[in-house]
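Here is the structure we will look at, set down as structure tokens.
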Amino acid sequence: MQLNTPKYYSLDELALILGCAKNTLRYDPNFPKGLKVGKRCVVYDMVEVKTYLESNRVQ
């Protein structure tokens, strides 16, 4: 049985996984809010980020 839990990644990991520039994933007020998991580490839900990129047609 698989649990339906979201997978979280840092911006650097997301850029590598999605094959886009890190700047594509920053500086937009509509970008999904991240969860702070450490002093300098913020992670993002992969599904939310993919939805954001698709809605903004960013390749």
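Lettering and numbering for the structure tokens are positional, with chains as A, B, ... in the shown order, residues counted from 1 in each chain, and ligands counted from 1 in the shown order.
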
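Close contacts of stretch 8-18 of chain A, defined as residues with an atom at most 8 Å away when counting only C-alpha atoms, with chain neighbours fewer than 6 positions off set aside, comprise Leu25, Cys41, Val42, Val43, Tyr44, Asp45 and Met46 of chain A.
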
Given the selection you just returned, output its residues as a file containing N, CA and C atoms, formatted as an mmCIF file, in the first residue's frame.
```cif
data_model
loop_
_atom_site.group_PDB
_atom_site.id
_atom_site.type_symbol
_atom_site.label_atom_id
_atom_site.label_comp_id
_atom_site.auth_asym_id
_atom_site.auth_seq_id
_atom_site.Cartn_x
_atom_site.Cartn_y
_atom_site.Cartn_z
ATOM 1 N N LEU A 25 12.682 29.297 -10.671
ATOM 2 C CA LEU A 25 11.952 28.874 -9.484
ATOM 3 C C LEU A 25 11.988 29.904 -8.360
ATOM 4 N N CYS A 41 17.347 26.071 5.191
ATOM 5 C CA CYS A 41 16.777 25.111 4.239
ATOM 6 C C CYS A 41 15.254 25.250 4.159
ATOM 7 N N VAL A 42 14.781 25.513 2.945
ATOM 8 C CA VAL A 42 13.347 25.574 2.678
ATOM 9 C C VAL A 42 13.060 24.529 1.605
ATOM 10 N N VAL A 43 11.983 23.771 1.792
ATOM 11 C CA VAL A 43 11.622 22.751 0.815
ATOM 12 C C VAL A 43 10.238 23.057 0.240
ATOM 13 N N TYR A 44 10.018 22.529 -0.966
ATOM 14 C CA TYR A 44 8.778 22.797 -1.688
ATOM 15 C C TYR A 44 8.132 21.500 -2.130
ATOM 16 N N ASP A 45 6.808 21.508 -2.185
ATOM 17 C CA ASP A 45 6.045 20.351 -2.636
ATOM 18 C C ASP A 45 6.169 20.235 -4.155
ATOM 19 N N MET A 46 6.652 19.093 -4.630
ATOM 20 C CA MET A 46 6.887 18.880 -6.054
ATOM 21 C C MET A 46 5.614 19.092 -6.880
#
```

* DSSP-assigned strand (DSSP E) members of chain A, reported as an MDAnalysis selection string -> chainID A and resid 8:9 35:36 42:45

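Coordinates place atom CA of A:Glu54 at a distance of 16.1 Å from atom CA of A:Pro29.
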
* Write out as a PyMOL selection string all residues of stretch 7-48 of chain A that DSSP puts in helix (DSSP H, G or I) for this structure's backbone. => chain A and resi 11-18+22-25+46-48

* Structure fact -> Using only C-alpha atoms, the best pick from A:Leu35, A:Arg40, A:Arg57, A:Arg26 as closest to A:Lys7 would be A:Leu35

* atom CA of A:Asn30 to atom CA of A:Tyr52, distance in Å rounded to a single decimal -> 8.1 Å

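Here atom CA of A:Val49 stands at a distance of 7.4 Å from atom CA of A:Phe31.
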